[in-house]
Amino acid sequence: MNKPLILVVEDDPPIRNLLSVALESHGYRVITASDGEMAMMEAVSHNPDVMMLDLGLPDMDGRTVIQKTRSWTNMPIIVISARSDDSDKIEALDAGADDYLTKPFSVAELLARLRVTLRRLSQVSGENHEASVFVNGPLRVDYAAGYACFGEEELHLTPIEYKLLCVLSKNCGKVLTHKYITRQVWGSSWESNVASLRVFMTTLRKKLEKDGTVFIQTHVGIGYRMMKVSE
Ligand code: CA
């Protein structure tokens, strides 16, 4: 595989340089942009593998960059937010971002997030996107037949648990917000749905993670993500 190309969008020069140097020294190719307009030009002309996007840009809101980018590509977008306010991250994820990092973050954390994103990317492009069977370690979801197995054993899931598992597995590696999940499962995102989501997530996890393998990551105040587990 060629060295992945990362587009770093950040208006603060010291941070932009720090990110570039860190990524280049770990084998990535880097292009940079200092505002939203430039970010979209670079994205169109170089078609990078991943965009790392600061939410606070001088010319436009980072969310606008996400929406405009999503109108033509599914390129993974990792949002970088200085604000500790969860609502910014939630809005960015709902606009179509894949993951987020909160400043200040370590280089190790940055690289870890990037690896998760790239692994998801190679999985999506390596497989038939319309695949009717999802496999993640011992977990197997047969979308066409409408059931899930763990190893040789069929998982006994309620309809809601199964729907939840489908939403998570179809977006494996991606952080999904409470709002996104409840819309997919119930068609709405009332507070009561978010409360129910917590309950169903607990029961789903009990069935899924009984041997101790963690499939579902909790992002407190934000949502959930299914992780790719090793075979
Ligand atoms: Ca900024």
# chains A, B, ... in the order shown; residues from 1 in each chain; ligands from 1
>>> closest_atom_pairs(of="chain A", to="ligand 1", cutoff="12 Å", atoms="only C-alpha atoms and all ligand atoms", output="Markdown table")
| residue | atom | partner | partner_atom_place_in_ligand_line | distance |
| --- | --- | --- | --- | --- |
| A:Val8 | CA | ligand 1 | 1 (Ca) | 11.7 |
| A:Val9 | CA | ligand 1 | 1 (Ca) | 8.8 |
| A:Glu10 | CA | ligand 1 | 1 (Ca) | 5.8 |
| A:Asp11 | CA | ligand 1 | 1 (Ca) | 5.1 |
| A:Asp12 | CA | ligand 1 | 1 (Ca) | 5.7 |
| A:Pro13 | CA | ligand 1 | 1 (Ca) | 9.5 |
| A:Pro14 | CA | ligand 1 | 1 (Ca) | 10.9 |
| A:Ile15 | CA | ligand 1 | 1 (Ca) | 9.1 |
| A:Arg16 | CA | ligand 1 | 1 (Ca) | 9.6 |
| A:Ala33 | CA | ligand 1 | 1 (Ca) | 11.4 |
| A:Ser34 | CA | ligand 1 | 1 (Ca) | 8.7 |
| A:Asp35 | CA | ligand 1 | 1 (Ca) | 8.8 |
| A:Gly36 | CA | ligand 1 | 1 (Ca) | 10.7 |
| A:Leu53 | CA | ligand 1 | 1 (Ca) | 9.2 |
| A:Asp54 | CA | ligand 1 | 1 (Ca) | 5.7 |
| A:Leu55 | CA | ligand 1 | 1 (Ca) | 6.5 |
| A:Gly56 | CA | ligand 1 | 1 (Ca) | 4.1 |
| A:Leu57 | CA | ligand 1 | 1 (Ca) | 4.9 |
| A:Pro58 | CA | ligand 1 | 1 (Ca) | 7.2 |
| A:Asp59 | CA | ligand 1 | 1 (Ca) | 10.4 |
| A:Met60 | CA | ligand 1 | 1 (Ca) | 10.6 |
| A:Asp61 | CA | ligand 1 | 1 (Ca) | 9.9 |
| A:Gly62 | CA | ligand 1 | 1 (Ca) | 9.3 |
| A:Val79 | CA | ligand 1 | 1 (Ca) | 11.3 |
| A:Ile80 | CA | ligand 1 | 1 (Ca) | 8.9 |
| A:Ser81 | CA | ligand 1 | 1 (Ca) | 8.2 |
| A:Ala82 | CA | ligand 1 | 1 (Ca) | 7.6 |
| A:Arg83 | CA | ligand 1 | 1 (Ca) | 10.1 |
| A:Lys103 | CA | ligand 1 | 1 (Ca) | 10.5 |
>>> residues_around(residues="Phe134 (chain A)", least_positions_apart="5", cutoff="9 Å", atoms="only C-alpha atoms", output="tab-separated table (two decimals) with N, CA and C atoms, in the first residue's frame")
chain	number	residue	atom	x	y	z
A	139	LEU	N	-17.88	-12.77	15.71
A	139	LEU	CA	-19.23	-12.25	15.43
A	139	LEU	C	-19.50	-12.28	13.93
A	140	ARG	N	-20.70	-12.75	13.59
A	140	ARG	CA	-21.11	-12.84	12.20
A	140	ARG	C	-22.55	-12.37	12.10
A	141	VAL	N	-22.79	-11.36	11.27
A	141	VAL	CA	-24.17	-10.89	11.09
A	141	VAL	C	-24.56	-11.15	9.64
A	142	ASP	N	-25.59	-11.94	9.46
A	142	ASP	CA	-26.08	-12.23	8.12
A	142	ASP	C	-27.28	-11.33	7.87
A	143	TYR	N	-27.03	-10.18	7.18
A	143	TYR	CA	-28.10	-9.19	6.98
A	143	TYR	C	-29.22	-9.75	6.12
A	169	SER	N	-22.72	-2.49	13.29
A	169	SER	CA	-21.80	-3.28	12.45
A	169	SER	C	-21.66	-2.67	11.06
A	170	LYS	N	-22.74	-2.09	10.54
A	170	LYS	CA	-22.64	-1.47	9.21
A	170	LYS	C	-21.76	-0.22	9.25
>>> closest_residue(among="A:His26, A:Ser132, A:Met52, A:Arg70", to="Thr102 (chain A)", atoms="only C-alpha atoms")
A:Met52
>>> residues_around(residues="region 177-193 of chain A", least_positions_apart="2", cutoff="9 Å", atoms="only C-alpha atoms", output="list in words")
Ile90, Glu91, Leu93, Asp94, Ile160, Lys163, Leu164, Val167, Leu168, Val175, Ala195, Ser196, Leu197, Arg198, His219, Gly221, Ile222, Gly223, Tyr224 and Arg225 of chain A
>>> write_last_selection(atoms="all heavy atoms", output="short mmCIF file (atom, residue, chain, number, x, y, z; two decimals), in the first residue's frame")
data_model
loop_
_atom_site.label_atom_id
_atom_site.label_comp_id
_atom_site.auth_asym_id
_atom_site.auth_seq_id
_atom_site.Cartn_x
_atom_site.Cartn_y
_atom_site.Cartn_z
N ILE A 90 -20.65 16.27 18.68
CA ILE A 90 -21.89 15.59 18.27
C ILE A 90 -22.38 16.17 16.94
O ILE A 90 -22.72 15.43 16.03
CB ILE A 90 -22.96 15.72 19.37
CG1 ILE A 90 -22.54 14.91 20.59
CG2 ILE A 90 -24.33 15.26 18.87
CD1 ILE A 90 -23.37 15.14 21.83
N GLU A 91 -22.35 17.50 16.83
CA GLU A 91 -22.79 18.12 15.59
C GLU A 91 -21.89 17.72 14.42
O GLU A 91 -22.36 17.46 13.32
CB GLU A 91 -22.81 19.65 15.73
CG GLU A 91 -24.03 20.14 16.48
CD GLU A 91 -23.97 21.62 16.77
OE1 GLU A 91 -23.06 22.31 16.27
OE2 GLU A 91 -24.86 22.10 17.50
N LEU A 93 -20.11 14.95 14.17
CA LEU A 93 -20.37 13.54 13.85
C LEU A 93 -21.68 13.40 13.09
O LEU A 93 -21.76 12.65 12.12
CB LEU A 93 -20.40 12.69 15.13
CG LEU A 93 -19.06 12.52 15.86
CD1 LEU A 93 -19.28 11.98 17.26
CD2 LEU A 93 -18.10 11.63 15.09
N ASP A 94 -22.69 14.15 13.52
CA ASP A 94 -23.98 14.09 12.82
C ASP A 94 -23.88 14.67 11.41
O ASP A 94 -24.63 14.28 10.52
CB ASP A 94 -25.07 14.81 13.62
CG ASP A 94 -25.64 13.90 14.71
OD1 ASP A 94 -25.64 12.67 14.50
OD2 ASP A 94 -26.09 14.42 15.74
N ILE A 160 -35.15 -5.23 18.50
CA ILE A 160 -34.44 -3.96 18.70
C ILE A 160 -32.93 -4.20 18.84
O ILE A 160 -32.11 -3.48 18.26
CB ILE A 160 -34.97 -3.22 19.98
CG1 ILE A 160 -36.44 -2.81 19.79
CG2 ILE A 160 -34.10 -2.02 20.30
CD1 ILE A 160 -36.70 -1.58 18.97
N LYS A 163 -31.53 -4.85 15.43
CA LYS A 163 -31.46 -3.61 14.66
C LYS A 163 -30.25 -2.77 15.08
O LYS A 163 -29.52 -2.22 14.26
CB LYS A 163 -32.73 -2.79 14.90
CG LYS A 163 -33.54 -2.55 13.62
CD LYS A 163 -34.85 -1.88 13.99
CE LYS A 163 -35.37 -1.01 12.87
NZ LYS A 163 -36.69 -0.44 13.18
N LEU A 164 -30.06 -2.72 16.39
CA LEU A 164 -28.95 -1.98 16.98
C LEU A 164 -27.62 -2.56 16.50
O LEU A 164 -26.71 -1.83 16.10
CB LEU A 164 -29.08 -2.10 18.50
CG LEU A 164 -28.43 -1.10 19.41
CD1 LEU A 164 -28.76 0.31 18.98
CD2 LEU A 164 -28.93 -1.34 20.84
N VAL A 167 -26.98 -1.56 12.88
CA VAL A 167 -26.54 -0.17 12.73
C VAL A 167 -25.05 -0.04 13.11
O VAL A 167 -24.26 0.57 12.40
CB VAL A 167 -27.40 0.79 13.60
CG1 VAL A 167 -26.83 2.20 13.57
CG2 VAL A 167 -28.84 0.80 13.11
N LEU A 168 -24.69 -0.67 14.23
CA LEU A 168 -23.30 -0.59 14.69
C LEU A 168 -22.34 -1.30 13.73
O LEU A 168 -21.29 -0.78 13.39
CB LEU A 168 -23.17 -1.21 16.09
CG LEU A 168 -23.80 -0.42 17.23
CD1 LEU A 168 -23.95 -1.30 18.46
CD2 LEU A 168 -22.98 0.82 17.56
N VAL A 175 -17.58 6.40 15.04
CA VAL A 175 -18.33 6.82 16.23
C VAL A 175 -19.71 7.28 15.79
O VAL A 175 -19.84 8.15 14.95
CB VAL A 175 -17.62 7.98 16.97
CG1 VAL A 175 -18.42 8.40 18.19
CG2 VAL A 175 -16.21 7.58 17.39
N ALA A 195 -32.73 7.07 26.38
CA ALA A 195 -32.74 6.27 27.61
C ALA A 195 -32.92 4.79 27.28
O ALA A 195 -32.23 3.93 27.83
CB ALA A 195 -33.86 6.75 28.54
N SER A 196 -33.84 4.49 26.33
CA SER A 196 -34.04 3.10 25.92
C SER A 196 -32.78 2.54 25.29
O SER A 196 -32.42 1.38 25.49
CB SER A 196 -35.16 2.99 24.90
OG SER A 196 -36.31 3.61 25.37
N LEU A 197 -32.11 3.38 24.50
CA LEU A 197 -30.89 2.96 23.82
C LEU A 197 -29.89 2.40 24.83
O LEU A 197 -29.27 1.36 24.62
CB LEU A 197 -30.29 4.14 23.05
CG LEU A 197 -28.94 3.91 22.38
CD1 LEU A 197 -29.02 2.79 21.35
CD2 LEU A 197 -28.45 5.20 21.71
N ARG A 198 -29.74 3.11 25.95
CA ARG A 198 -28.82 2.68 26.99
C ARG A 198 -29.18 1.29 27.50
O ARG A 198 -28.32 0.44 27.70
CB ARG A 198 -28.85 3.68 28.15
CG ARG A 198 -27.55 4.42 28.24
CD ARG A 198 -27.57 5.52 29.27
NE ARG A 198 -27.23 6.76 28.60
CZ ARG A 198 -27.94 7.86 28.61
NH1 ARG A 198 -29.07 7.91 29.28
NH2 ARG A 198 -27.54 8.91 27.96
N HIS A 219 -18.76 6.19 24.16
CA HIS A 219 -18.23 7.55 24.17
C HIS A 219 -19.19 8.37 25.02
O HIS A 219 -20.26 8.76 24.55
CB HIS A 219 -18.11 8.10 22.76
CG HIS A 219 -17.03 7.41 21.97
ND1 HIS A 219 -15.88 8.04 21.59
CD2 HIS A 219 -16.90 6.12 21.57
CE1 HIS A 219 -15.10 7.17 20.95
NE2 HIS A 219 -15.70 6.01 20.92
N GLY A 221 -21.56 10.66 26.80
CA GLY A 221 -22.19 11.92 26.39
C GLY A 221 -22.29 12.08 24.89
O GLY A 221 -22.87 13.05 24.40
N ILE A 222 -21.74 11.15 24.11
CA ILE A 222 -21.70 11.29 22.65
C ILE A 222 -22.39 10.14 21.94
O ILE A 222 -23.33 10.34 21.18
CB ILE A 222 -20.24 11.46 22.18
CG1 ILE A 222 -19.72 12.80 22.68
CG2 ILE A 222 -20.15 11.38 20.65
CD1 ILE A 222 -18.30 13.11 22.39
N GLY A 223 -21.91 8.92 22.18
CA GLY A 223 -22.52 7.79 21.48
C GLY A 223 -21.71 6.51 21.64
O GLY A 223 -21.10 6.29 22.68
N TYR A 224 -21.72 5.68 20.60
CA TYR A 224 -21.06 4.37 20.64
C TYR A 224 -20.32 4.07 19.35
O TYR A 224 -20.63 4.63 18.30
CB TYR A 224 -22.11 3.26 20.84
CG TYR A 224 -22.90 3.40 22.10
CD1 TYR A 224 -24.13 4.07 22.10
CD2 TYR A 224 -22.44 2.86 23.30
CE1 TYR A 224 -24.87 4.19 23.27
CE2 TYR A 224 -23.18 2.99 24.48
CZ TYR A 224 -24.39 3.66 24.45
OH TYR A 224 -25.13 3.78 25.59
N ARG A 225 -19.37 3.15 19.44
CA ARG A 225 -18.65 2.71 18.24
C ARG A 225 -18.38 1.22 18.34
O ARG A 225 -17.95 0.72 19.39
CB ARG A 225 -17.33 3.45 18.11
CG ARG A 225 -16.28 2.66 17.32
CD ARG A 225 -15.20 3.48 16.74
NE ARG A 225 -14.38 4.17 17.70
CZ ARG A 225 -13.49 5.10 17.34
NH1 ARG A 225 -13.34 5.43 16.08
NH2 ARG A 225 -12.77 5.69 18.26
#
>>> select_by_dssp(residues="region 56-107 of chain A", states="strand (DSSP E or B)", output="ChimeraX atom specification")
/A:56,61,77-81,99-102
>>> residues_around(residues="Ile66 (chain A)", least_positions_apart="4", cutoff="8 Å", atoms="only C-alpha atoms", output="JSON list (two decimals) with N, CA, C and O atoms, in the first residue's frame")
[["chain", "number", "residue", "atom", "x", "y", "z"],
["A", 62, "GLY", "N", -16.24, 24.46, 10.81],
["A", 62, "GLY", "CA", -15.78, 23.14, 10.39],
["A", 62, "GLY", "C", -16.91, 22.25, 9.91],
["A", 62, "GLY", "O", -16.75, 21.44, 9.01],
["A", 70, "ARG", "N", -18.94, 15.99, 2.31],
["A", 70, "ARG", "CA", -19.83, 14.82, 2.23],
["A", 70, "ARG", "C", -20.73, 14.83, 0.98],
["A", 70, "ARG", "O", -21.29, 13.81, 0.61],
["A", 77, "ILE", "N", -13.23, 11.64, 7.85],
["A", 77, "ILE", "CA", -12.90, 12.94, 8.44],
["A", 77, "ILE", "C", -12.76, 12.77, 9.95],
["A", 77, "ILE", "O", -13.69, 12.33, 10.61],
["A", 92, "ALA", "N", -20.59, 17.66, 14.68],
["A", 92, "ALA", "CA", -19.64, 17.28, 13.63],
["A", 92, "ALA", "C", -19.88, 15.83, 13.20],
["A", 92, "ALA", "O", -19.88, 15.51, 12.02],
["A", 95, "ALA", "N", -22.94, 15.60, 11.20],
["A", 95, "ALA", "CA", -22.76, 16.16, 9.86],
["A", 95, "ALA", "C", -22.00, 15.19, 8.96],
["A", 95, "ALA", "O", -21.94, 15.39, 7.75],
["A", 96, "GLY", "N", -21.41, 14.14, 9.56],
["A", 96, "GLY", "CA", -20.76, 13.13, 8.73],
["A", 96, "GLY", "C", -19.30, 12.86, 9.06],
["A", 96, "GLY", "O", -18.63, 12.11, 8.34],
["A", 97, "ALA", "N", -18.78, 13.45, 10.15],
["A", 97, "ALA", "CA", -17.40, 13.14, 10.56],
["A", 97, "ALA", "C", -17.36, 11.70, 11.08],
["A", 97, "ALA", "O", -18.38, 11.16, 11.50]]
>>> atom_distance(atom1="CA of Gly137 (chain A)", atom2="CA of Lys207 (chain A)")
15.0 Å
>>> closest_residue(among="A:Ser122, A:Thr32, A:Asn136, A:Ser106", to="Met75 (chain A)", atoms="only C-alpha atoms")
A:Ser122
>>> select_by_dssp(residues="region 52-214 of chain A", states="alpha helix (DSSP H)", output="NGL selection string")
:A and (62-70 or 86-95 or 107-126 or 159-170 or 178-186 or 191-208)
>>> closest_residue(among="A:Leu204, A:Ala108, A:Val214, A:Leu7", to="Ile78 (chain A)", atoms="only C-alpha atoms")
A:Leu7
>>> closest_residue(among="A:Val220, A:Val135, A:Ala145, A:Leu208", to="Leu176 (chain A)", atoms="only C-alpha atoms")
A:Val220
>>> residues_around(residues="Leu118 (chain A)", least_positions_apart="4", cutoff="12 Å", atoms="only C-alpha atoms", output="ChimeraX atom specification")
/A:1,3-6,28,48-51,75-78,98-99,111-114,122-126,173-174,228
>>> closest_residue(among="A:Val229, A:Ala39, A:Ala144, A:Val194", to="Glu209 (chain A)", atoms="only C-alpha atoms")
A:Val229
>>> atom_distance(atom1="CA of Phe215 (chain A)", atom2="CA of Thr202 (chain A)")
12.2 Å
